[in-house]
>>> print(open('query.csv').read())   # CSV, C-alpha atoms
chain,number,residue,atom,x,y,z
N,1,MET,CA,-73.7,185.4,-21.3
N,2,ILE,CA,-74.1,181.7,-20.4
N,3,LYS,CA,-75.5,181.0,-16.9
N,4,GLU,CA,-73.5,178.6,-14.9
N,5,THR,CA,-76.3,177.5,-12.6
N,6,GLU,CA,-80.1,177.4,-12.5
N,7,ASP,CA,-81.9,180.7,-11.5
N,8,PHE,CA,-83.7,179.7,-8.3
N,9,TYR,CA,-84.7,183.4,-7.6
N,10,PRO,CA,-85.7,185.1,-10.9
N,11,SER,CA,-86.3,188.8,-10.7
N,12,ARG,CA,-86.5,191.8,-13.1
N,13,THR,CA,-87.5,189.4,-15.9
N,14,GLY,CA,-90.2,191.7,-17.3
N,15,ASN,CA,-92.9,189.7,-15.6
N,16,GLU,CA,-95.3,190.8,-12.9
N,17,GLU,CA,-93.9,191.4,-9.4
N,18,THR,CA,-94.5,188.5,-7.0
N,19,ILE,CA,-93.4,187.1,-3.7
N,20,LEU,CA,-91.7,183.7,-3.9
N,21,PRO,CA,-90.9,181.3,-1.0
N,22,ARG,CA,-87.4,181.0,0.2
N,23,ILE,CA,-85.8,177.6,-0.6
N,24,ASP,CA,-82.5,178.1,1.2
N,25,PRO,CA,-81.6,177.6,4.8
N,26,ILE,CA,-81.2,180.8,7.0
N,27,VAL,CA,-78.6,179.4,9.4
N,28,TYR,CA,-76.1,177.0,8.0
N,29,GLY,CA,-73.9,176.3,11.0
N,30,ASN,CA,-74.5,175.1,14.6
N,31,VAL,CA,-73.8,176.2,18.1
N,32,GLN,CA,-70.1,176.0,18.8
N,33,PRO,CA,-69.5,175.5,22.6
N,34,GLY,CA,-66.1,176.5,23.7
N,35,ILE,CA,-65.3,178.6,20.6
N,36,GLU,CA,-64.7,182.2,21.7
N,37,TYR,CA,-67.0,184.9,20.2
N,38,SER,CA,-69.5,182.4,18.7
N,39,LEU,CA,-73.2,183.0,19.0
N,40,THR,CA,-75.3,181.2,21.6
N,41,LEU,CA,-78.3,179.1,20.8
N,42,PRO,CA,-80.8,181.9,21.7
N,43,GLN,CA,-78.8,184.3,19.5
N,44,MET,CA,-78.9,181.9,16.6
N,45,GLU,CA,-82.6,181.3,17.1
N,46,ASN,CA,-83.2,185.1,17.1
N,47,TYR,CA,-81.3,185.4,13.8
N,48,GLN,CA,-83.2,182.5,12.3
N,49,GLU,CA,-86.5,184.0,13.2
N,50,ASN,CA,-85.9,187.7,12.6
N,51,GLY,CA,-83.1,187.8,10.1
N,52,PHE,CA,-80.7,190.0,12.1
N,53,ILE,CA,-79.0,190.2,15.5
N,54,VAL,CA,-77.7,193.3,17.3
N,55,LEU,CA,-74.7,193.1,19.6
N,56,PRO,CA,-74.7,196.3,21.7
N,57,ASP,CA,-71.4,198.0,22.5
N,58,TYR,CA,-69.6,195.0,21.0
N,59,MET,CA,-66.4,196.7,19.7
N,60,PRO,CA,-66.3,200.3,21.0
N,61,GLU,CA,-62.5,200.3,21.0
N,62,TRP,CA,-62.5,200.3,17.2
N,63,VAL,CA,-64.7,203.4,16.7
N,64,ASN,CA,-62.1,206.2,17.0
N,65,PRO,CA,-59.4,204.4,14.8
N,66,LEU,CA,-62.0,203.6,12.1
N,67,GLN,CA,-63.4,207.1,12.2
N,68,LYS,CA,-59.9,208.6,11.7
N,69,GLU,CA,-59.2,206.1,8.9
N,70,ILE,CA,-62.3,207.0,7.0
N,71,GLU,CA,-61.4,210.7,7.1
N,72,SER,CA,-58.0,209.7,5.7
N,73,LEU,CA,-59.7,207.7,2.9
N,74,ARG,CA,-61.6,210.8,1.8
N,75,SER,CA,-58.4,212.4,0.5
N,76,LEU,CA,-56.5,209.2,-0.3
N,77,MET,CA,-59.3,207.9,-2.6
N,78,ALA,CA,-60.4,211.3,-4.0
N,79,GLY,CA,-61.5,211.0,-7.6
N,80,ARG,CA,-61.8,207.2,-7.6
N,81,GLU,CA,-64.9,205.4,-8.9
N,82,GLU,CA,-65.2,203.6,-5.5
N,83,LEU,CA,-66.5,206.9,-4.0
N,84,ILE,CA,-70.2,207.7,-4.6
N,85,THR,CA,-71.7,211.1,-3.8
N,86,GLU,CA,-75.2,212.0,-2.7
N,87,PRO,CA,-77.8,212.2,-5.5
N,88,GLU,CA,-78.3,215.9,-5.1
N,89,SER,CA,-74.9,217.1,-4.0
N,90,ASN,CA,-71.2,216.3,-4.0
N,91,GLU,CA,-71.2,215.2,-0.4
N,92,LEU,CA,-69.8,211.7,0.1
N,93,ARG,CA,-72.5,209.0,0.3
N,94,THR,CA,-70.6,205.6,0.0
N,95,VAL,CA,-67.0,204.3,-0.2
N,96,PHE,CA,-66.7,200.9,-1.7
N,97,LYS,CA,-64.0,198.3,-1.1
N,98,PRO,CA,-62.3,200.3,1.7
N,99,PHE,CA,-60.4,197.3,3.0
N,100,ALA,CA,-58.3,197.3,-0.2
N,101,PHE,CA,-57.0,200.8,0.7
N,102,SER,CA,-56.7,200.5,4.5
N,103,HIS,CA,-54.7,198.1,6.6
N,104,ILE,CA,-56.9,199.0,9.7
N,105,ILE,CA,-60.1,198.3,7.9
N,106,ASP,CA,-58.7,195.1,6.5
N,107,GLN,CA,-57.7,194.0,10.0
N,108,PHE,CA,-61.1,194.8,11.3
N,109,SER,CA,-62.8,192.6,8.7
N,110,ARG,CA,-60.6,189.7,9.9
N,111,HIS,CA,-61.2,190.2,13.6
N,112,PRO,CA,-62.3,186.9,15.3
N,113,LYS,CA,-65.3,188.8,16.9
N,114,ILE,CA,-66.6,189.3,13.3
N,115,LEU,CA,-65.2,186.4,11.4
N,116,THR,CA,-66.2,183.7,13.9
N,117,ILE,CA,-69.9,184.7,13.7
N,118,ALA,CA,-69.9,185.0,9.9
N,119,ARG,CA,-68.4,181.5,9.6
N,120,GLN,CA,-70.8,180.1,12.1
N,121,LEU,CA,-73.9,181.6,10.4
N,122,LEU,CA,-72.8,180.5,7.0
N,123,GLY,CA,-71.4,177.1,8.0
N,124,SER,CA,-68.3,177.4,6.0
N,125,ASP,CA,-65.2,179.5,5.2
N,126,VAL,CA,-66.1,183.0,3.9
N,127,TYR,CA,-64.8,185.8,1.8
N,128,ILE,CA,-65.7,189.4,1.3
N,129,THR,CA,-67.9,189.8,-1.8
N,130,GLN,CA,-68.5,193.5,-1.1
N,131,SER,CA,-67.5,196.1,1.5
N,132,ARG,CA,-68.6,199.7,1.9
N,133,ILE,CA,-68.8,202.7,4.2
N,134,ASN,CA,-72.2,204.3,4.2
N,135,ILE,CA,-72.2,207.9,5.2
N,136,LYS,CA,-75.2,210.1,5.9
N,137,PRO,CA,-74.2,213.7,6.5
N,138,ALA,CA,-76.1,215.7,9.0
N,139,PHE,CA,-79.3,217.2,7.5
N,140,THR,CA,-78.4,216.2,3.9
N,141,GLY,CA,-77.9,212.4,4.0
N,142,LYS,CA,-80.5,210.9,1.7
N,143,SER,CA,-82.6,207.7,2.1
N,144,PHE,CA,-82.2,204.2,0.8
N,145,PRO,CA,-85.5,202.6,-0.3
N,146,TRP,CA,-86.9,199.2,0.8
N,147,HIS,CA,-84.8,196.5,-0.9
N,148,SER,CA,-83.3,193.0,-0.4
N,149,ASP,CA,-79.5,193.1,-0.9
N,150,PHE,CA,-79.7,189.5,-2.2
N,151,GLU,CA,-82.0,190.5,-5.0
N,152,THR,CA,-79.4,192.9,-6.4
N,153,TRP,CA,-76.4,190.6,-5.7
N,154,HIS,CA,-78.3,187.8,-7.4
N,155,VAL,CA,-79.5,189.7,-10.5
N,156,GLU,CA,-76.5,192.0,-11.1
N,157,ASP,CA,-73.6,190.1,-9.5
N,158,GLY,CA,-74.5,186.4,-10.0
N,159,MET,CA,-74.8,185.3,-6.3
N,160,PRO,CA,-76.5,181.9,-6.8
N,161,ARG,CA,-78.1,181.2,-3.4
N,162,MET,CA,-79.0,183.0,-0.1
N,163,ARG,CA,-75.8,182.2,1.8
N,164,ALA,CA,-74.3,185.5,2.7
N,165,VAL,CA,-74.5,187.9,5.7
N,166,THR,CA,-73.6,191.6,6.2
N,167,ALA,CA,-71.7,192.5,9.3
N,168,TRP,CA,-71.6,196.2,10.2
N,169,ILE,CA,-70.4,198.5,13.0
N,170,MET,CA,-72.0,201.8,14.1
N,171,LEU,CA,-69.4,204.5,14.1
N,172,ASN,CA,-71.9,207.1,15.4
N,173,GLU,CA,-74.9,206.8,17.6
N,174,ASN,CA,-77.8,205.4,15.5
N,175,ASN,CA,-81.2,206.8,16.6
N,176,GLU,CA,-84.6,207.5,15.2
N,177,TYR,CA,-83.5,210.9,13.8
N,178,ASN,CA,-80.3,210.4,11.9
N,179,GLY,CA,-81.5,208.0,9.1
N,180,PRO,CA,-81.1,204.7,10.9
N,181,LEU,CA,-81.6,201.3,9.3
N,182,TYR,CA,-85.2,200.0,9.3
N,183,VAL,CA,-85.8,196.3,8.9
N,184,ILE,CA,-88.8,194.1,8.6
N,185,PRO,CA,-88.2,191.1,10.9
N,186,GLY,CA,-89.1,187.8,9.3
N,187,SER,CA,-89.1,189.3,5.7
N,188,HIS,CA,-86.0,187.2,4.9
N,189,LYS,CA,-88.2,184.1,4.7
N,190,GLU,CA,-89.8,185.3,1.5
N,191,TYR,CA,-88.3,186.7,-1.7
N,192,VAL,CA,-89.6,189.6,-3.7
N,193,SER,CA,-89.3,189.0,-7.4
N,194,CYS,CA,-89.3,192.5,-8.6
N,195,ALA,CA,-90.9,193.8,-11.8
N,196,GLY,CA,-89.0,195.6,-14.6
N,197,VAL,CA,-85.6,194.8,-16.1
N,198,THR,CA,-82.0,195.7,-15.4
N,199,GLY,CA,-80.7,198.5,-17.6
N,200,SER,CA,-77.2,199.0,-18.9
N,201,ARG,CA,-74.8,200.1,-16.2
N,202,ASN,CA,-77.7,200.3,-13.8
N,203,TYR,CA,-75.3,200.7,-10.9
N,204,ASP,CA,-74.4,204.2,-12.2
N,205,GLN,CA,-77.8,205.4,-11.0
N,206,SER,CA,-78.7,202.8,-8.3
N,207,LEU,CA,-75.7,203.6,-6.1
N,208,LYS,CA,-77.0,207.2,-5.8
N,209,LYS,CA,-80.7,206.4,-6.0
N,210,GLN,CA,-82.0,202.9,-6.3
N,211,GLU,CA,-85.0,202.2,-8.5
N,212,ALA,CA,-84.5,198.8,-10.1
N,213,GLY,CA,-85.0,196.1,-7.5
N,214,VAL,CA,-87.3,198.2,-5.3
N,215,PRO,CA,-90.6,196.5,-4.5
N,216,LYS,CA,-93.8,198.3,-5.3
N,217,PRO,CA,-96.0,199.7,-2.5
N,218,GLU,CA,-98.6,197.0,-2.9
N,219,THR,CA,-95.9,194.3,-2.6
N,220,MET,CA,-94.6,196.0,0.5
N,221,GLN,CA,-98.1,196.0,2.0
N,222,ARG,CA,-98.3,192.2,1.4
N,223,LEU,CA,-94.9,191.7,2.9
N,224,LEU,CA,-95.8,193.8,6.0
N,225,LYS,CA,-99.0,191.8,6.6
N,226,ASN,CA,-98.6,190.5,10.2
N,227,ARG,CA,-95.1,192.0,10.3
N,228,GLU,CA,-93.8,195.3,11.7
N,229,ILE,CA,-91.0,197.7,10.9
N,230,LYS,CA,-88.2,197.9,13.4
N,231,GLY,CA,-85.5,200.6,13.8
N,232,VAL,CA,-82.0,199.4,14.5
N,233,TYR,CA,-80.5,201.7,17.1
N,234,GLY,CA,-77.4,201.6,19.2
N,235,ASN,CA,-74.3,203.3,20.5
N,236,PRO,CA,-71.0,203.7,18.6
N,237,GLY,CA,-69.3,200.3,18.6
N,238,THR,CA,-72.6,198.3,18.3
N,239,VAL,CA,-72.3,195.6,15.7
N,240,VAL,CA,-75.1,194.1,13.6
N,241,PHE,CA,-75.3,191.0,11.5
N,242,HIS,CA,-78.2,191.0,9.0
N,243,GLU,CA,-79.2,188.2,6.6
N,244,CYS,CA,-78.7,188.8,2.9
N,245,ASN,CA,-82.4,188.7,2.0
N,246,LEU,CA,-83.8,190.8,4.9
N,247,MET,CA,-85.9,193.6,3.6
N,248,HIS,CA,-84.5,196.9,4.8
N,249,GLY,CA,-84.2,200.6,4.0
N,250,SER,CA,-83.4,203.9,5.7
N,251,PRO,CA,-84.9,207.4,5.7
N,252,ASP,CA,-83.2,210.8,5.2
N,253,ASN,CA,-81.0,212.1,8.0
N,254,ILE,CA,-83.0,215.0,9.4
N,255,SER,CA,-80.7,215.5,12.5
N,256,ALA,CA,-77.6,217.5,13.2
N,257,MET,CA,-75.8,214.2,13.8
N,258,PRO,CA,-74.1,212.2,11.0
N,259,ARG,CA,-74.6,208.5,10.6
N,260,THR,CA,-71.6,206.4,9.4
N,261,LEU,CA,-71.5,202.6,9.1
N,262,LEU,CA,-68.7,200.3,8.0
N,263,MET,CA,-70.1,197.2,6.4
N,264,PHE,CA,-68.7,193.8,5.2
N,265,VAL,CA,-70.7,191.3,3.1
N,266,PHE,CA,-69.4,187.8,3.9
N,267,ASN,CA,-70.3,185.2,1.3
N,268,SER,CA,-69.8,181.5,1.7
N,269,CYS,CA,-66.9,180.1,-0.2
N,270,GLU,CA,-69.4,177.4,-1.3
N,271,ASN,CA,-71.6,180.1,-2.9
N,272,LYS,CA,-69.2,181.8,-5.3
N,273,LEU,CA,-70.5,184.3,-7.8
N,274,VAL,CA,-71.4,183.1,-11.3
N,275,ALA,CA,-72.6,185.1,-14.4
N,276,PRO,CA,-75.2,187.8,-13.4
N,277,PHE,CA,-78.9,186.6,-13.6
N,278,CYS,CA,-79.7,189.4,-16.1
N,279,ASP,CA,-78.7,190.3,-19.6
N,280,GLN,CA,-75.9,192.7,-18.5
N,281,PRO,CA,-72.2,192.1,-17.9
N,282,PRO,CA,-70.9,191.8,-14.3
N,283,ARG,CA,-70.6,195.0,-12.3
N,284,PRO,CA,-67.1,196.4,-11.5
N,285,ASP,CA,-64.8,194.5,-9.1
N,286,TYR,CA,-65.3,197.1,-6.3
N,287,LEU,CA,-69.0,196.0,-6.2
N,288,ARG,CA,-68.5,192.4,-7.0
N,289,ASN,CA,-65.2,191.1,-5.6
N,290,THR,CA,-63.8,188.4,-7.8
N,291,ASP,CA,-61.2,187.2,-5.2
N,292,SER,CA,-63.1,184.4,-3.4
N,293,SER,CA,-60.1,183.3,-1.3
N,294,ALA,CA,-61.2,182.3,2.2
N,295,ILE,CA,-60.4,185.0,4.8
N,296,GLU,CA,-58.0,184.0,7.6
>>> encode(input="query.csv", output="structure tokens")
Amino acid sequence: MIKETEDFYPSRTGNEETILPRIDPIVYGNVQPGIEYSLTLPQMENYQENGFIVLPDYMPEWVNPLQKEIESLRSLMAGREELITEPESNELRTVFKPFAFSHIIDQFSRHPKILTIARQLLGSDVYITQSRINIKPAFTGKSFPWHSDFETWHVEDGMPRMRAVTAWIMLNENNEYNGPLYVIPGSHKEYVSCAGVTGSRNYDQSLKKQEAGVPKPETMQRLLKNREIKGVYGNPGTVVFHECNLMHGSPDNISAMPRTLLMFVFNSCENKLVAPFCDQPPRPDYLRNTDSSAIE
């Protein structure tokens, strides 16, 4: 497949694994005095330095409606390919593209408390390139290994540059026991070019248990030099924005409390997807949204 743009972030090319410098900005927009819900200068500086920002108890009024809607989607979407189960059981692990099946979730994705910040960080109009519900059932929810979302979106979906942000809301308490997100603050400033290659229909396996695009232990040791791992905790209704290249992962849920997150990946309308940067065809539309119309 012909590439439409230069590959600035090669990965899984069969070469040795390496760490490359980031060549793209982190924050594309500016402080917006007088615009409701926009981030302050200290918040934007925090995002610039650490690669994520946590807004505690930001939208608690949405928790119950979204929880009920997700339960409805379990039956409404039963049997569809957008539903991914746990690697060792039939328990639900992920629901992709939920906004296409739910008016409430679609409304939430367009809320000014979310959309204003996404536009501000990316400095442009935005669209949803991917959306998902991540579910970790009590005791049985399995881990997600260390990875950069951008590495996968670049290689398998054709996202040219680092100009995307994931916004997500906690629908349960997130604590150190129920498989929370762990991040490496500052890791978004470097790019791990992973070893290996992308196999045919890699997503069939990776959505259950990711292996391609996962850095080696020795690479992670280099990335963690002078950096630390931080858990992202909060009450239901807490909203997090994390940068597309931030290295993150999560452990198994070993608690009696489930952990459910609703996530939206906002991509700049100036960073539309091109052909994947691998020798495979594009992933399905529910993973790689081809409607790049700006969200209003």
>>> atom_distance(input="query.csv", atom1="atom CA of N:Lys272", atom2="atom CA of N:Tyr191")
20.0 Å
>>> atom_distance(input="query.csv", atom1="atom CA of N:Thr5", atom2="atom CA of N:Met247")
24.8 Å
>>> closest_atom_pairs(input="query.csv", of="stretch 41-145 of chain N", to="stretch 225-242 of chain N", cutoff="7 Å", atoms="all atoms listed in the file", output="JSON lines")
{"residue": "N:Gly51", "atom": "CA", "partner": "N:His242", "partner_atom": "CA", "distance": 6.0}
{"residue": "N:Phe52", "atom": "CA", "partner": "N:His242", "partner_atom": "CA", "distance": 4.1}
{"residue": "N:Ile53", "atom": "CA", "partner": "N:Phe241", "partner_atom": "CA", "distance": 5.5}
{"residue": "N:Val54", "atom": "CA", "partner": "N:Val240", "partner_atom": "CA", "distance": 4.6}
{"residue": "N:Leu55", "atom": "CA", "partner": "N:Val239", "partner_atom": "CA", "distance": 5.2}
{"residue": "N:Pro56", "atom": "CA", "partner": "N:Thr238", "partner_atom": "CA", "distance": 4.5}
{"residue": "N:Asp57", "atom": "CA", "partner": "N:Thr238", "partner_atom": "CA", "distance": 4.4}
{"residue": "N:Tyr58", "atom": "CA", "partner": "N:Thr238", "partner_atom": "CA", "distance": 5.2}
{"residue": "N:Met59", "atom": "CA", "partner": "N:Gly237", "partner_atom": "CA", "distance": 4.8}
{"residue": "N:Pro60", "atom": "CA", "partner": "N:Gly237", "partner_atom": "CA", "distance": 3.8}
{"residue": "N:Trp62", "atom": "CA", "partner": "N:Gly237", "partner_atom": "CA", "distance": 6.9}
{"residue": "N:Val63", "atom": "CA", "partner": "N:Gly237", "partner_atom": "CA", "distance": 5.9}
>>> closest_residue(input="query.csv", among="N:Lys142, N:Lys208, N:Arg163, N:Arg283", to="N:Gly29", atoms="all atoms listed in the file")
N:Arg163
>>> residues_around(input="query.csv", residues="N:Glu176", least_positions_apart="3", cutoff="12 Å", atoms="only C-alpha atoms", output="list in words")
Glu173, Gly179, Pro180, Leu181, Tyr182, Lys230, Gly231, Val232, Tyr233, Gly234, Ser250, Pro251, Asp252, Asn253, Ile254, Ser255, Met257 and Arg259 of chain N
>>> residues_around(input="query.csv", residues="N:Val27", least_positions_apart="2", cutoff="7 Å", atoms="all atoms listed in the file", output="PyMOL selection string")
chain N and resi 25+29+48+121-122
>>> write_last_selection(input="query.csv", atoms="C-alpha atoms", output="PDB file, keeping the file's coordinate frame")
ATOM      1  CA  PRO N  25     -81.600 177.600   4.800  1.00  0.00           C
ATOM      2  CA  GLY N  29     -73.900 176.300  11.000  1.00  0.00           C
ATOM      3  CA  GLN N  48     -83.200 182.500  12.300  1.00  0.00           C
ATOM      4  CA  LEU N 121     -73.900 181.600  10.400  1.00  0.00           C
ATOM      5  CA  LEU N 122     -72.800 180.500   7.000  1.00  0.00           C
TER       6      LEU N 122
END
>>> decode(input="query.csv", residues="stretch 175-224 of chain N", atoms="C-alpha atoms", output="compact mmCIF listing (two decimals), in the first residue's frame")
# COMPACT_ATOMS: atom_id res chain seq x y z
CA ASN N 175 -7.40 2.68 43.41
CA GLU N 176 -4.17 0.72 43.72
CA TYR N 177 -6.01 -2.62 43.93
CA ASN N 178 -8.48 -2.75 41.04
CA GLY N 179 -6.11 -2.55 38.08
CA PRO N 180 -5.69 1.22 37.69
CA LEU N 181 -3.79 2.96 34.94
CA TYR N 182 -0.08 3.37 35.61
CA VAL N 183 1.83 6.02 33.67
CA ILE N 184 5.44 7.16 33.36
CA PRO N 185 5.38 10.97 33.57
CA GLY N 186 7.66 12.51 30.97
CA SER N 187 7.86 9.37 28.82
CA HIS N 188 5.81 11.09 26.11
CA LYS N 189 8.88 13.14 25.21
CA GLU N 190 10.56 10.07 23.68
CA TYR N 191 9.31 7.43 21.25
CA VAL N 192 10.00 3.73 21.55
CA SER N 193 10.55 2.22 18.12
CA CYS N 194 9.65 -1.38 18.88
CA ALA N 195 11.29 -4.50 17.49
CA GLY N 196 9.46 -7.13 15.46
CA VAL N 197 6.87 -6.76 12.71
CA THR N 198 3.09 -6.46 12.53
CA GLY N 199 1.42 -9.75 11.68
CA SER N 200 -1.71 -10.26 9.62
CA ARG N 201 -4.83 -9.21 11.55
CA ASN N 202 -2.64 -8.52 14.57
CA TYR N 203 -5.60 -6.85 16.27
CA ASP N 204 -7.38 -10.19 16.66
CA GLN N 205 -4.81 -11.05 19.33
CA SER N 206 -3.63 -7.66 20.52
CA LEU N 207 -7.06 -6.51 21.69
CA LYS N 208 -7.10 -9.46 24.10
CA LYS N 209 -3.39 -9.62 24.90
CA GLN N 210 -1.00 -7.16 23.30
CA GLU N 211 2.46 -8.34 22.28
CA ALA N 212 3.43 -6.41 19.14
CA GLY N 213 4.32 -2.84 20.06
CA VAL N 214 5.23 -3.74 23.66
CA PRO N 215 8.72 -2.49 24.60
CA LYS N 216 11.32 -4.95 25.86
CA PRO N 217 12.27 -4.92 29.57
CA GLU N 218 15.70 -3.44 28.83
CA THR N 219 14.04 -0.62 26.85
CA MET N 220 11.69 0.07 29.74
CA GLN N 221 14.66 0.25 32.10
CA ARG N 222 16.19 2.95 29.89
CA LEU N 223 12.88 4.81 29.69
CA LEU N 224 12.50 4.67 33.48
